[in-house]
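Here is the structure we will look at, set down as structure tokens.
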Amino acid sequence: MNLTKNRTLYIYVLLYFAFLYIPVMFLPLFSFNEGIHMAFPLKGFSTQHYEDMWNSPQLFDALGNSIYVGVVSSLIATMLAFFASRAFTKYKFWGQSLSYGAILTPFLIPEIILAIALLVIWVSIGLPLGLTPIIIGHVLFCTPFCMIILIARMEGFDNHLEEASRDLGEGVLMTFWRVSFPILLPGLIAAFLLGFIISFDEFLLAMFLQGSDQTLPIYMWGQLRFARRLPHVLALGAVIIVATSLIVMLAYWLRNVGQPQDKQDLTFKM
Amino acid sequence: MLKWWNSFYAKSDNAKAYVLLSPALILVVIGMAVPLIAVFSVSFTTQASFVIDYTPTFDRYIEFMDTSTRTGNVLTTLLGRSLSISFLVAFFTLITTYPVAYYVAFYVKKNKMLWLVLMTLPFWTSYLLRVFAWKLILGHGGVINASLMTVGFIDEPLGFLMYSQTAVVITLAHAWAAFALLPLYVSLEKIDHSLIEASYDLGCTKFETFWRVVWPLSLPGVIGAVLIIFIPTVGDYVTPALVGGTEGRMLSNMIQTYFGRANNFPLGAASAVIMLISVALITFAVNVVTKRLTQRL
């Protein structure tokens, strides 16, 4: 079979990528448009919406909350995922696939179920809603993702390196600190960054579990209802898109850095 | 005691593995399993204003299923609609992404990583914003209607574009694309090219080769893609709320109302349990059918 060229397919693929990318591009486009109506024809170039964004103290509170929630949940999730992936890649054990499925489940079930489950338990214990239950939800949600990334990374890890270090007289902790940790560090940072992005963007858990503290997606959701407040959400959206893309590219690069060519991967195999 | 544990630990891979797994597993049990049991229990209670009566009863499930009442009618309709919309989304996403995954797996030789980045990057940008972008496109003064009106094809905005099931399906198929692209790509990538060559050598046409060699071998990816889109989208809230209107409302929007304004936790919990069971049953059925199908290969 001639697997070098297929023009029809190529054109379809280009169209599909247009479908994938163009909708998102409208946000930055309209964010520079004058006036509050998001419709064609465009009225003129203006940075007014960015100024409005800059002058919204509520927005910055929400941003602060989101960064706090994102960093804490992703740190915990990366740690849990790290231990779990060590277990899955180093040992063969009883109940292996069951444990794997259990850790993956929070990511696989409809998110609203996880959200109301946490809401019900939190309310029935009588604890106040707020950022803490959101963090718990986000850790549950991010851990499977971080684990998938770390397992892929650890499968390329040569266990002999650790054995060599032990034979040369290092203890378990120092072996980890001086051998395994530096090798796995890029993968850990990649997992942390992607976990952070997931938490940063997450809306539904935050909506159900929010107390008086808003996260950024909740703030945006609140603003979407008011036509007048909308344009500065577009400006914010444009900033988020650029920032997220940069972080994801960095994470992708870190996922593969130092990996042999045949182990490089950007998919998420479960 | 400690000595016994140490020697046991040194010998047992099981012990070592579970020590490492325990933090994650404990979190799943406390953070998900126990709360799910709580939801299950609440679904058997009755709520009058702010007080919950804990006498066990099936009334909430009867309320859900009884189509002669307004509540039951609405809820069963919404469940059916959630399932059918998710099915459509999974199907539509599958047929639109399959050729793309096929192209990247078989035709792209250089810069595969770049293509993978392109396939997954939109997934990472805020879900809320991606859904909202479709509101800008499909809305009454949106991109499609405005351009069609400027060109003169239509005189007034097309109503079916926005606040409809069509809008929900298009938006979801866009938002979940990466979840289909990746499993499809992974399964197509694995296919041994010599099998395809063999099929040609044995006289198969392009179409026969695809239908009898490539497609069956890519089935695990196809099933994976369909399930990983179907399951979460059944419970999607944002998309129907933003672009669905009344016609595109889904069960999640109602569940949210029960846990919010309507303040009826038991009925909300029962709806969630029914949603979870429906999804589980469908997933199970799909898995059984796939096993049957792939056994014949």
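Within each chain, counting starts at residue 1; across the structure tokens, chains are named A, B, ... in the order shown, with ligands numbered 1 upward in that order.
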
Quiz item: For chain B, which residues have at least one atom within 6 Å of chain A, if we go by only C-alpha atoms? Write them as an MDAnalysis selection string, please.
Solution: chainID B and resid 13:14 17 20:21 24 35:36 39 100 107 125:126 130 133 141:142 232 235

Quiz item: Within 8 Å of Trp176 of chain B, counting only C-alpha atoms, which residues qualify if same-chain residues fewer than 6 places away don't, as a VMD selection string?
Solution: chain B and resid 93 123 229

Quiz item: Do you know which residues are at most 10 Å from Tyr200 of chain B counting only C-alpha atoms, after dropping those on the same chain fewer than 6 positions away, and could you put them as a list in words?
Solution: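 After dropping sequence-adjacent residues, the list is Met1 of chain A; Ser194, Lys206, Glu208 and Thr209 of chain B.
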
Output of the above residues as an mmCIF file, in the first residue's frame, restricted to N, CA and C atoms:
```cif
data_model
loop_
_atom_site.group_PDB
_atom_site.id
_atom_site.type_symbol
_atom_site.label_atom_id
_atom_site.label_comp_id
_atom_site.auth_asym_id
_atom_site.auth_seq_id
_atom_site.Cartn_x
_atom_site.Cartn_y
_atom_site.Cartn_z
ATOM 1 N N MET A 1 0.848 -1.195 0.000
ATOM 2 C CA MET A 1 0.000 0.000 0.000
ATOM 3 C C MET A 1 0.884 1.246 0.000
ATOM 4 N N SER B 194 3.015 -4.847 8.134
ATOM 5 C CA SER B 194 3.147 -5.986 7.220
ATOM 6 C C SER B 194 1.808 -6.699 7.031
ATOM 7 N N LYS B 206 -8.414 -1.458 -1.289
ATOM 8 C CA LYS B 206 -8.163 -0.524 -0.200
ATOM 9 C C LYS B 206 -9.255 -0.633 0.857
ATOM 10 N N GLU B 208 -11.473 -3.110 1.359
ATOM 11 C CA GLU B 208 -11.476 -4.426 2.026
ATOM 12 C C GLU B 208 -10.375 -4.509 3.088
ATOM 13 N N THR B 209 -9.210 -3.969 2.738
ATOM 14 C CA THR B 209 -8.108 -3.984 3.699
ATOM 15 C C THR B 209 -8.489 -3.227 4.961
#
```

Quiz item: Contacts of segment 245-248 of chain B at 8 Å or less, counting only C-alpha atoms, minus same-chain residues fewer than 5 places along, as a PyMOL selection string?
Solution: chain B and resi 162-165+168+240

Self-check item: Nearby residues (only C-alpha atoms) at most 12 Å from Thr67 of chain B, same-chain spacing under 5 positions excluded, as a count of residues only
Solution: 9

Exercise. In Å, rounded to a single decimal, give me how far atom CA of His140 of chain B is from atom CA of Leu128 of chain B.
Key: 19.7 Å

Practice problem: Measure the distance from atom CA of Val234 of chain B to atom CA of Phe179 of chain B in Å and round it to one decimal. | Solution: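 Between atom CA of Val234 of chain B and atom CA of Phe179 of chain B the gap works out to 14.7 Å.
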
Quiz item: Contacts of Asp52 of chain A at 10 Å or less, counting only C-alpha atoms, minus same-chain residues fewer than 4 places along, as a list in words?
Solution: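 Near Asp52 of chain A, the qualifying residues are Thr47, Gln48, Ser56, Arg229, Pro231, His232, Val233, Ala235 and Leu236 of chain A.
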
I need the residues from that last selection saved to file as a PDB file, in the first residue's frame (with C-alpha atoms), if you can.
```
ATOM      1  CA  THR A  47      -7.553  47.006  24.964  1.00  0.00           C
ATOM      2  CA  GLN A  48     -10.394  48.307  27.126  1.00  0.00           C
ATOM      3  CA  SER A  56     -11.425  43.610  38.995  1.00  0.00           C
ATOM      4  CA  ARG A 229     -19.351  41.984  32.428  1.00  0.00           C
ATOM      5  CA  PRO A 231     -15.993  41.127  27.596  1.00  0.00           C
ATOM      6  CA  HIS A 232     -13.496  41.150  30.450  1.00  0.00           C
ATOM      7  CA  VAL A 233     -14.094  37.410  30.849  1.00  0.00           C
ATOM      8  CA  ALA A 235      -9.857  38.988  27.973  1.00  0.00           C
ATOM      9  CA  LEU A 236      -9.276  36.745  30.969  1.00  0.00           C
TER      10      LEU A 236
END
```
